[in-house]
Amino acid sequence: IDVVRRLILRSIVQSESSYLDSLKRILQEYQKPLLETQSVILNPKKVRQIFHRLHEIYQCHCMFQIALASRVAEWDQSEKIGDLFVASFSKSMVLNLYSDYINNFTSAMALIKKACLSKPAFLDFLKRKQASSPDRITLYGLMVKPIQRFPQFILLLQDMLKNTPRSHSDRLPLQLALTELETLAEKLNEQKRLADQEAEIQHLAHSTGERNLNKLLNSEQRQLIHCELLTEIVFGDKGQVIKSKERKVFLINDTLICANVNLKGPPDINTLVPVGPKYTVKWSASLLQTQVVEVGQDSLQGKDGVITARYAKCDHVCVSGKVLLGPPRLYQELEELQHDLAVVEEVSLLVGTLHGIYQNLNTTVSQDWCLALQRLIRLKEEEIQNANKCRLRLSVPGKPDKSGRPVSIMVVFNTPNPFSKISWVNRLHLAKIAQRKENTSGWECAEEDGKTKALLSCPLLTCKLSVFSSRTHTLKLEAALHSPSQSRLLGFCTASTSLPQGYLWVAGGGGNSNHGQVEIFSLNRASARLVKTLPLRAPVLCLEYVKEPCPSTVLQEGTEKGPRAAKTGNIICVGLQDGSIHVQSSVDTAVQCLLTLVNPDNCPVLCLKHLLSFLFAGLANGKVAIYHRKTGGELSQIPLSHDLVSLGSKPVYCLLTLEDTMWASCENQVTVIQGDSLCMQSFEAHSDPDFHVSHMVHSGGGVWMAFTKGSSIHLFHTETLQQLQEINISTRTNYLSPGHVCVSSLLISQGMLWVGTSQGVIITFSVPTLEGIPKITGKAMTSLNAHCGAVDFLVSASSTLASDLLRRDSIFNISKESANGEGGGGGGNVEGERGEQKLENSHHRENLETSPWKQDKPKHLLLQYHLHSTSQLPGKLLTAQPEQANPRASPDLQMEDGSIYEVNEDPDVWLRGRPLELGKEGEAKRNKVTSTAIFSGGRGYRRIGLSASEETCSDSSENTLLVWQLPLTLSQ
């Protein structure tokens with residue numbers, strides 16, 4: 001480990017030296033010659049504007065390099081580097097320097113481009129400098145390095161942290177350094193993003209002459225949510241691709257704008273500095289009147305609108321009363337297969353009238369013909385769906401027809417990849433939700449620089465749900481959890497507009513009743529839907545989702561039912577007030593209870609958490625009951641000597657799983673229990689014994705804790721257990737009454753710390769997401785959508801889309817070599833095939849060129865039966881060859897035998913009915929698409945931040961769920 005740390009240190013030194021050399025080259029080889037008095041190449045004022053703040057950045061890193069060299073010299077004694085990064089880059093001066101540089105970067109590039117066009121001497125100067133440099137790097141390549149610097153530092157420090165033992169003195173400083181650098185990089189990235197978006201909008205504003213659109217683009221309220229270069233496709237009357245043109249599509253607040261792009265610039269300048277695009281607005285449409293049209297949806301034509309094929313002629317085919325959209329060639333093939341199936345069904349009826357008995361021509365064989373064609377039809381439908389994963393079809397409002405009726409125009413875009421399309425669909429969906437009244441100024445953001453938050457950077461309130469029926473509204477909400485599951489019924493785009501896949505379990509009880517209740521909501525749609533209610537004999541106090549111990553034997557949804565599910569599948573443990581723990585199946589909710597666990601004291605179970613093969617239960621009498629899960633999956637109490645662990649005399653309010661340890665809170669103490677040996681270590685979380693630890697959440701190298709009293713939350717280091725930060729939430733917002741508020745729930749999700757309060761107000765803070773310390777450095781955001789009572793729980797639901805949903809192509813998505821000139825398209829189809837080839841996934845095509853299915857491929861698919869299923873059939877072979885003496889001796893059939901049954905190119909199609917996937921080595925590295933939603937539970941709903949007369953509060957006695965949704969995230 002010491003050797004590896006030295007090597008990483010050497011990489012840091014070399015990286016910093018290279019960075020300083022780049023800065024020095026800019027200053028000495030570019031800025032200095034241009035500022036010399038005898039030089040008249042460029043106005044000195046413009047030169048200073050181009051290289052704004054670079055000299056100060058260079059000086060800052062010179063000082064860092066000196067300190068770094070000193071630290072290297074004494075490495076054998078200290079072996080510390082993290083504190084040096086904290087001291088050097090936590091100063092506000094560094095943030096200001098880089099912020100000014102990044103904010104100026106776009107305008108600096110514009111100045112360089114303009115000077116290249118207007119001053120040939122400046123263009124020649126840049127060419128000479130690039131030609132004379134040893135690495136031939138351009139000025140742009142040098143000036144972009146400060147933007148990339150902190151991500152490089154983060155990668156190096158992550159490597160250093162991975163190779164630093166837990167007991168090392170550099171461990172905490174490295175984590176703090178990662179926190180500082182991640183926070184700094186996030187702020188700079190946000191500023192760069194805003195600067196780039198502002199430049200895009202300005203380019204767009206200069207290219208439109210429409211008054212209303214120009215007014216929107218120049219408005220301070222407008223925000224650019226998303227923009228991307230897409231390919232618009234126009235189809236002809238016979239399904240051929242007439243043209244495909246690159247367009248820049250902008251999603252701005254409540255408007256969608258499509259612009260023509262002219263990226264051509266002088267070639268000499270393009271090699272030196274990126275030339276910004278020029279736009280010509282083609283059309284703009286109201287977001288609320290724009291619809292995404294997807295595979296299998298019914299026709300958009302309705303009572304009040306007519307769809308026109310101006311942009312998408314012959315791009316849809318009506319199949320079984322539904323409109324399917326995709327490449328016309330695939331639909332032609334689908335129609336041919338359906339025709340062939342109808343013919344084979346007729347032939348099958350005729351075969352049934354044969355008097356003779358033939359081994360390969362009888363009713364069994366003809367039925368297999370039908371089955372094989374039905375499988376091919378399913379594969380073709382799947383292929384169409386795969387092709388649609390990169391086709392974005394939008395129905396946008398057009399000009400009314402002569403009778404004044406509204407007309408919808410279909411616009412078809414080809415996205416670069418499936419991730420791009422699903423991102424577009426998700427952002428369009430959320431942008432519409434953002435227009436709702438409750439999301440208009442839904443959060444109060446106290447920004448340091450006074451700028452407004454990006455439109456989709458705040459969680460959006462998607463719906464409000466009533467929990468428990470009106471007859472039982474006296475029940476109190478206690479807990480909730482997300483039970484993940486993959487739904488194969490969800491379409492590609494449906495998954496991007498629904499909540500995270502799975503089920504939400506909401507539990508409670510008490511109040512005016514001694515009973516408990518669990519309600520299960522399905523999340524596989526845009527709003528949650530109640531699907532099951534489980535009554536219980538006692539109030540429910542806590543829930544815990546326990547995965548199956550062995551991943552290889554995880555219970556598949558719907559594969560088994562009954563009591564065996566507790567032994568082989570994922571389970572949900574329900575802690576009750578009577579001291580029992582009910583074990584429920586996470587899949588088969590028809591079974592009321594798989595297993596009931598009890599504790600000797602019959603004490604209420606306040607919290608549940610699992611760790612390895614143990615289930616920990618925090619009890620109201622200050623003890624922790626521990627249950628062991630056997631190899632087969634069954635839970636049972638472990639030996640009596642370790643049955644109960646006493647932590648104190650007060651209730652155990654909270655348990656937290658952290659790697660191989662369990663953190664348990666009792667009074668103002670937190671006990672860390674080792675999962676394997678059950679050894680314990682305790683520390684004091686608050687100096688006042690009356691402040692009991694009520695909530696704990698973990699992120700990176702820190703744990704945030706809240707208490708039963710007071711409005712402060714404390715941050716502790718997971719390794720040294722020392723307190724690192726204290727935040728008083730009542731001072732972070734104007735909507736809490738100081739002295740009368742405490743934290744009622746706590747959650748960390750997607751880089752946000754959610755704090756639910758006893759007054760129903762929810763506050764969020766941004767926290768780092770890497771291996772650093774989740775310190776709070778920014779200001780708070782307050783949700784103006786609140787509960788009337790305390791926030792009883794905050795729970796996160798997150799799911800990753802199945803990889804098969806994101807697979808673009810099947811192995812049969814290969815253009816037929818004989819397609820040109822066939823069918824009714826004539827010469828038009830040739831052009832259509834060329835257009836399709838441009839839009840195909842080139843990487844996948846390369847894989848197919850070298851795949852075994854491509855070699856010696858016949859022009860048409862050959863249906864061939866599976867010998868093992870027919871060799872024992874009675875009768876003789878039907879063949880054109882002379883009859884052999886013993887035809888049963890050789891079951892192998894020749895091509896002219898007319899054998900049918902399976903796709904010759906892929907035997908697995910016949911055996912499994914699904915295409916064989918390409919090898920992993922031939923696939924590009926795929927990203928993960930994650931959907932996240934946050935659920936808060938409490939009494940009633942109210943909107944705060946309004947005047948006393950406008951502020952409303954729904955029935956404060958009704959249990960309500962508020963559902964927030966975040967944009968899809970893409971990660972490796």
# chains A, B, ... in the order shown; residues from 1 in each chain; ligands from 1
>>> closest_atom_pairs(of="stretch 180-233 of chain A", to="stretch 761-773 of chain A", cutoff="10 Å", atoms="only C-alpha atoms", output="Markdown table")
| residue | atom | partner | partner_atom | distance |
| --- | --- | --- | --- | --- |
| A:Glu180 | CA | A:Gly772 | CA | 8.5 |
| A:Leu181 | CA | A:Gly772 | CA | 9.5 |
| A:Glu182 | CA | A:Pro768 | CA | 6.6 |
| A:Thr183 | CA | A:Pro768 | CA | 6.7 |
| A:Glu186 | CA | A:Pro768 | CA | 9.1 |
>>> residues_around(residues="A:Gln965", least_positions_apart="5", cutoff="8 Å", atoms="only C-alpha atoms", output="list in words")
Pro459, Leu460, Leu461, Thr462, Leu499, Thr932, Ala933 and Ile934 of chain A
>>> residues_around(residues="stretch 744-754 of chain A", least_positions_apart="4", cutoff="10 Å", atoms="only C-alpha atoms", output="ChimeraX atom specification")
/A:694-699,704-709,711,713,758-760,762-770,774,776,780-782,790-798,932-934,936-937,966,969
>>> select_by_dssp(residues="stretch 348-578 of chain A", states="helix (DSSP H, G or I)", output="PyMOL selection string")
chain A and resi 348-351+363-388+418-434+437-439+470-472+494-497+551-553+565-568
>>> write_last_selection(atoms="C-alpha atoms", output="PDB file, in the first residue's frame")
ATOM      1  CA  SER A 348     -52.475 -26.845 -42.331  1.00  0.00           C
ATOM      2  CA  LEU A 349     -56.185 -27.418 -42.805  1.00  0.00           C
ATOM      3  CA  LEU A 350     -55.522 -29.091 -46.156  1.00  0.00           C
ATOM      4  CA  VAL A 351     -52.754 -31.285 -44.686  1.00  0.00           C
ATOM      5  CA  THR A 363     -50.822 -32.263 -38.809  1.00  0.00           C
ATOM      6  CA  THR A 364     -48.061 -32.073 -36.160  1.00  0.00           C
ATOM      7  CA  VAL A 365     -45.606 -30.700 -38.684  1.00  0.00           C
ATOM      8  CA  SER A 366     -48.021 -28.121 -40.084  1.00  0.00           C
ATOM      9  CA  GLN A 367     -48.844 -26.906 -36.579  1.00  0.00           C
ATOM     10  CA  ASP A 368     -45.129 -26.419 -35.998  1.00  0.00           C
ATOM     11  CA  TRP A 369     -45.003 -24.314 -39.190  1.00  0.00           C
ATOM     12  CA  CYS A 370     -47.573 -22.001 -37.617  1.00  0.00           C
ATOM     13  CA  LEU A 371     -45.684 -21.852 -34.324  1.00  0.00           C
ATOM     14  CA  ALA A 372     -42.430 -20.992 -36.105  1.00  0.00           C
ATOM     15  CA  LEU A 373     -44.082 -18.167 -38.067  1.00  0.00           C
ATOM     16  CA  GLN A 374     -45.749 -16.837 -34.911  1.00  0.00           C
ATOM     17  CA  ARG A 375     -42.324 -16.701 -33.256  1.00  0.00           C
ATOM     18  CA  LEU A 376     -40.935 -14.817 -36.250  1.00  0.00           C
ATOM     19  CA  ILE A 377     -43.802 -12.330 -36.012  1.00  0.00           C
ATOM     20  CA  ARG A 378     -43.048 -11.739 -32.326  1.00  0.00           C
ATOM     21  CA  LEU A 379     -39.378 -11.208 -33.153  1.00  0.00           C
ATOM     22  CA  LYS A 380     -40.297  -8.727 -35.880  1.00  0.00           C
ATOM     23  CA  GLU A 381     -42.536  -6.792 -33.460  1.00  0.00           C
ATOM     24  CA  GLU A 382     -39.674  -6.724 -30.952  1.00  0.00           C
ATOM     25  CA  GLU A 383     -37.359  -5.524 -33.702  1.00  0.00           C
ATOM     26  CA  ILE A 384     -39.771  -2.684 -34.469  1.00  0.00           C
ATOM     27  CA  GLN A 385     -39.844  -1.726 -30.803  1.00  0.00           C
ATOM     28  CA  ASN A 386     -36.032  -1.788 -30.683  1.00  0.00           C
ATOM     29  CA  ALA A 387     -35.894   0.518 -33.703  1.00  0.00           C
ATOM     30  CA  ASN A 388     -38.302   2.867 -31.956  1.00  0.00           C
ATOM     31  CA  PRO A 418     -31.749   5.062 -26.533  1.00  0.00           C
ATOM     32  CA  PHE A 419     -30.506   7.030 -23.515  1.00  0.00           C
ATOM     33  CA  SER A 420     -31.025  10.274 -25.392  1.00  0.00           C
ATOM     34  CA  LYS A 421     -34.598   9.407 -26.288  1.00  0.00           C
ATOM     35  CA  ILE A 422     -35.579   8.283 -22.829  1.00  0.00           C
ATOM     36  CA  SER A 423     -34.021  11.466 -21.424  1.00  0.00           C
ATOM     37  CA  TRP A 424     -36.080  13.587 -23.821  1.00  0.00           C
ATOM     38  CA  VAL A 425     -39.315  11.826 -22.949  1.00  0.00           C
ATOM     39  CA  ASN A 426     -38.612  12.156 -19.226  1.00  0.00           C
ATOM     40  CA  ARG A 427     -37.738  15.853 -19.421  1.00  0.00           C
ATOM     41  CA  LEU A 428     -40.789  16.648 -21.541  1.00  0.00           C
ATOM     42  CA  HIS A 429     -42.946  14.827 -18.996  1.00  0.00           C
ATOM     43  CA  LEU A 430     -41.415  16.608 -15.992  1.00  0.00           C
ATOM     44  CA  ALA A 431     -41.421  20.003 -17.725  1.00  0.00           C
ATOM     45  CA  LYS A 432     -45.197  19.696 -18.054  1.00  0.00           C
ATOM     46  CA  ILE A 433     -45.488  18.788 -14.364  1.00  0.00           C
ATOM     47  CA  ALA A 434     -43.354  21.848 -13.556  1.00  0.00           C
ATOM     48  CA  LYS A 437     -49.651  25.520  -9.895  1.00  0.00           C
ATOM     49  CA  GLU A 438     -48.093  23.649  -6.956  1.00  0.00           C
ATOM     50  CA  ASN A 439     -44.713  23.534  -8.703  1.00  0.00           C
ATOM     51  CA  SER A 470     -61.776   7.722   5.616  1.00  0.00           C
ATOM     52  CA  ARG A 471     -63.199   5.276   8.167  1.00  0.00           C
ATOM     53  CA  THR A 472     -59.728   4.643   9.567  1.00  0.00           C
ATOM     54  CA  THR A 494     -43.699   4.429 -20.188  1.00  0.00           C
ATOM     55  CA  ALA A 495     -40.746   3.607 -17.943  1.00  0.00           C
ATOM     56  CA  SER A 496     -39.470   7.179 -18.319  1.00  0.00           C
ATOM     57  CA  THR A 497     -42.784   8.766 -17.331  1.00  0.00           C
ATOM     58  CA  PRO A 551     -28.092 -13.562  -5.180  1.00  0.00           C
ATOM     59  CA  SER A 552     -28.057 -16.637  -7.420  1.00  0.00           C
ATOM     60  CA  THR A 553     -31.285 -17.900  -5.929  1.00  0.00           C
ATOM     61  CA  ALA A 565     -41.178 -17.646  -0.412  1.00  0.00           C
ATOM     62  CA  ALA A 566     -39.797 -16.845   3.059  1.00  0.00           C
ATOM     63  CA  LYS A 567     -36.975 -19.322   2.507  1.00  0.00           C
ATOM     64  CA  THR A 568     -35.986 -18.484  -1.056  1.00  0.00           C
TER      65      THR A 568
END
>>> atom_distance(atom1="atom CA of A:Arg48", atom2="atom CA of A:Ala115")
13.8 Å
>>> atom_distance(atom1="atom CA of A:Ile727", atom2="atom CA of A:Phe691")
15.3 Å
>>> residues_around(residues="A:Ala625", least_positions_apart="3", cutoff="9 Å", atoms="only C-alpha atoms", output="list in words")
Asn599, Leu615, Phe616, Ala617, Gly618, Leu619, Gln637, His642, Asp643, Leu644, Val645 and Ser646 of chain A
>>> closest_residue(among="A:Asp254, A:Glu190, A:Asp578, A:Asp660", to="A:Leu217", atoms="only C-alpha atoms")
A:Asp254
>>> residues_around(residues="A:Gln584", least_positions_apart="2", cutoff="6 Å", atoms="only C-alpha atoms", output="PDB file with all heavy atoms, in the first residue's frame")
ATOM      1  N   ILE A 571     -37.925 -10.710   1.427  1.00  0.00           N
ATOM      2  CA  ILE A 571     -39.018 -10.630   2.392  1.00  0.00           C
ATOM      3  C   ILE A 571     -39.111  -9.217   2.948  1.00  0.00           C
ATOM      4  O   ILE A 571     -38.189  -8.415   2.827  1.00  0.00           O
ATOM      5  CB  ILE A 571     -38.825 -11.638   3.541  1.00  0.00           C
ATOM      6  CG1 ILE A 571     -37.487 -11.381   4.253  1.00  0.00           C
ATOM      7  CG2 ILE A 571     -38.913 -13.069   3.035  1.00  0.00           C
ATOM      8  CD1 ILE A 571     -37.271 -12.247   5.486  1.00  0.00           C
ATOM      9  N   ILE A 572     -40.251  -8.940   3.549  1.00  0.00           N
ATOM     10  CA  ILE A 572     -40.473  -7.661   4.232  1.00  0.00           C
ATOM     11  C   ILE A 572     -40.859  -7.960   5.667  1.00  0.00           C
ATOM     12  O   ILE A 572     -41.812  -8.716   5.924  1.00  0.00           O
ATOM     13  CB  ILE A 572     -41.561  -6.840   3.530  1.00  0.00           C
ATOM     14  CG1 ILE A 572     -41.058  -6.408   2.149  1.00  0.00           C
ATOM     15  CG2 ILE A 572     -41.945  -5.627   4.366  1.00  0.00           C
ATOM     16  CD1 ILE A 572     -42.063  -5.640   1.332  1.00  0.00           C
ATOM     17  N   CYS A 593     -49.077 -14.056   6.296  1.00  0.00           N
ATOM     18  CA  CYS A 593     -47.853 -14.008   7.089  1.00  0.00           C
ATOM     19  C   CYS A 593     -47.076 -15.300   6.876  1.00  0.00           C
ATOM     20  O   CYS A 593     -47.637 -16.391   6.981  1.00  0.00           O
ATOM     21  CB  CYS A 593     -48.192 -13.826   8.570  1.00  0.00           C
ATOM     22  SG  CYS A 593     -46.747 -13.643   9.627  1.00  0.00           S
ATOM     23  N   LEU A 594     -45.802 -15.181   6.552  1.00  0.00           N
ATOM     24  CA  LEU A 594     -44.964 -16.356   6.340  1.00  0.00           C
ATOM     25  C   LEU A 594     -44.385 -16.886   7.644  1.00  0.00           C
ATOM     26  O   LEU A 594     -44.175 -18.084   7.801  1.00  0.00           O
ATOM     27  CB  LEU A 594     -43.814 -16.003   5.386  1.00  0.00           C
ATOM     28  CG  LEU A 594     -44.213 -15.457   4.011  1.00  0.00           C
ATOM     29  CD1 LEU A 594     -42.971 -15.023   3.250  1.00  0.00           C
ATOM     30  CD2 LEU A 594     -44.972 -16.504   3.230  1.00  0.00           C
TER      31      LEU A 594
END
>>> select_by_dssp(residues="stretch 325-436 of chain A", states="strand (DSSP E)", output="number ranges by chain")
A: 325, 391-397, 407-414
>>> residues_around(residues="A:Lys162", least_positions_apart="5", cutoff="12 Å", atoms="only C-alpha atoms", output="ChimeraX atom specification")
/A:1,4-5,8,155-157,168,170-171,174-175,771-772
>>> closest_residue(among="A:Leu184, A:Ile581, A:Val72, A:Leu784", to="A:Arg149", atoms="only C-alpha atoms")
A:Leu184
>>> atom_distance(atom1="atom CA of A:Val261", atom2="atom CA of A:Arg247")
5.8 Å
>>> closest_residue(among="A:Leu126, A:Met410, A:Ile112, A:Ile57", to="A:Glu29", atoms="only C-alpha atoms")
A:Leu126
>>> closest_residue(among="A:Tyr627, A:Phe51, A:Phe468, A:Phe683", to="A:Phe716", atoms="only C-alpha atoms")
A:Phe683
